[in-house]
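One structure below.
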Amino acid sequence: MRWATSRWVVGLALRVGTLLTATILIAACATNTRAISPNDTQSRSWTGRLGLQFDASGSQPEQSVSASFELGGTAQVGQLILLTPLGSTLAVLSWQPGEALLREGQQMHRFDTLDALSEKAVGTALPIAALFDWLQGVDTPVAGWQVDVSQLPRRLIVQRLSPLPQAQLRLVIDP
């Protein structure tokens with residue numbers, strides 16, 4: 001009887017140890033991507049899905065990028081998180097006056113401008129600063145870009161007419 005009891009205890013200890021190890025590993029993989037100050041009364045946040053499509057031009061074929069997103073903060077201090085369909089972080093773009101950062105996995109890239117940051121992240125300079133206005137229904141003009149705010153608060157469609165290649169950014173915002 002004593003042997004059966006100790007075998008049961010060893011089995012239980014192994015299961016508890018495995019569960020504890022798994023919990024620690026999951027916690028270690030989790031990252032806190034929220035860097036926006038909760039005291040900022042101007043700060044806003046949106047979540048949803050985005051699609052960015054580049055038209056074919058010259059020798060370049062049509063290309064597209066799609067991801068879930070979390071956008072928060074302001075045009076001056078903010079953060080854009082791009083996620084896979086399964087919720088894994090593809091990239092974290094964050095900015096503040098004088099500095100723009102891109103984190104992809106363990107790699108961190110620093111940029112002087114938000115345009116340079118977005119170009120590295122998605123292949124083109126996106127008007128992220130204007131995006132905050134557009135998501136609030138304000139049709140802020142940006143050279144080369146045309147925005148359609150008529151479907152807000154659920155959808156936002158933005159087209160880049162110049163420079164080539166033309167591109168279309170579609171956002172579907174979560175309620």
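Scheme for the structure tokens: letters A, B, ... for chains in order shown; per-chain residue numbers from 1; ligand numbers from 1 in order shown.
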
- Message: I'd like the contact shell of stretch 88-95 of chain A - 8 Å cut-off, only C-alpha atoms, skipping same-chain residues fewer than 5 positions apart - returned as a list in words.
- Response: Thr33, Gln76, Val77, Gly78, Gln79, Leu80, Ile81, Leu82, Leu83, Ala100, Leu101, Leu102, Arg103, Glu104, Gly105, Leu114, Leu117, Ser118 and Ala121 of chain A

- Residue contacts of A:Leu52 (7 Å, only C-alpha atoms) excluding same-chain residues fewer than 2 positions away, as a PyMOL selection string: chain A and resi 50+54+64-66+167-170

- Per-residue DSSP, stretch 9-175 of chain A, filtered to alpha helix (DSSP H), as a ChimeraX atom specification: /A:9-29,114-122,128-135

Wanna dump the stretch 44-110 of chain A-stretch 128-142 of chain A contacts at 9 Å for me, each residue with its shortest atom pair and the distance in Å to one decimal, counting only C-alpha atoms, ordered by chain and number, as a Markdown table?
| residue | atom | partner | partner_atom | distance |
| --- | --- | --- | --- | --- |
| A:Arg44 | CA | A:Phe132 | CA | 8.2 |
| A:Trp46 | CA | A:Leu135 | CA | 8.5 |
| A:Leu71 | CA | A:Phe132 | CA | 8.9 |
| A:Gly72 | CA | A:Phe132 | CA | 8.9 |
| A:Gly73 | CA | A:Phe132 | CA | 8.7 |
| A:Thr74 | CA | A:Phe132 | CA | 6.7 |
| A:Ala75 | CA | A:Ala129 | CA | 4.4 |
| A:Gln76 | CA | A:Ala129 | CA | 7.4 |

- Nearest to A:Pro163: which of A:Thr124, A:Thr84, A:Gln42, A:Gln151 is it, counting only C-alpha atoms? A:Thr124
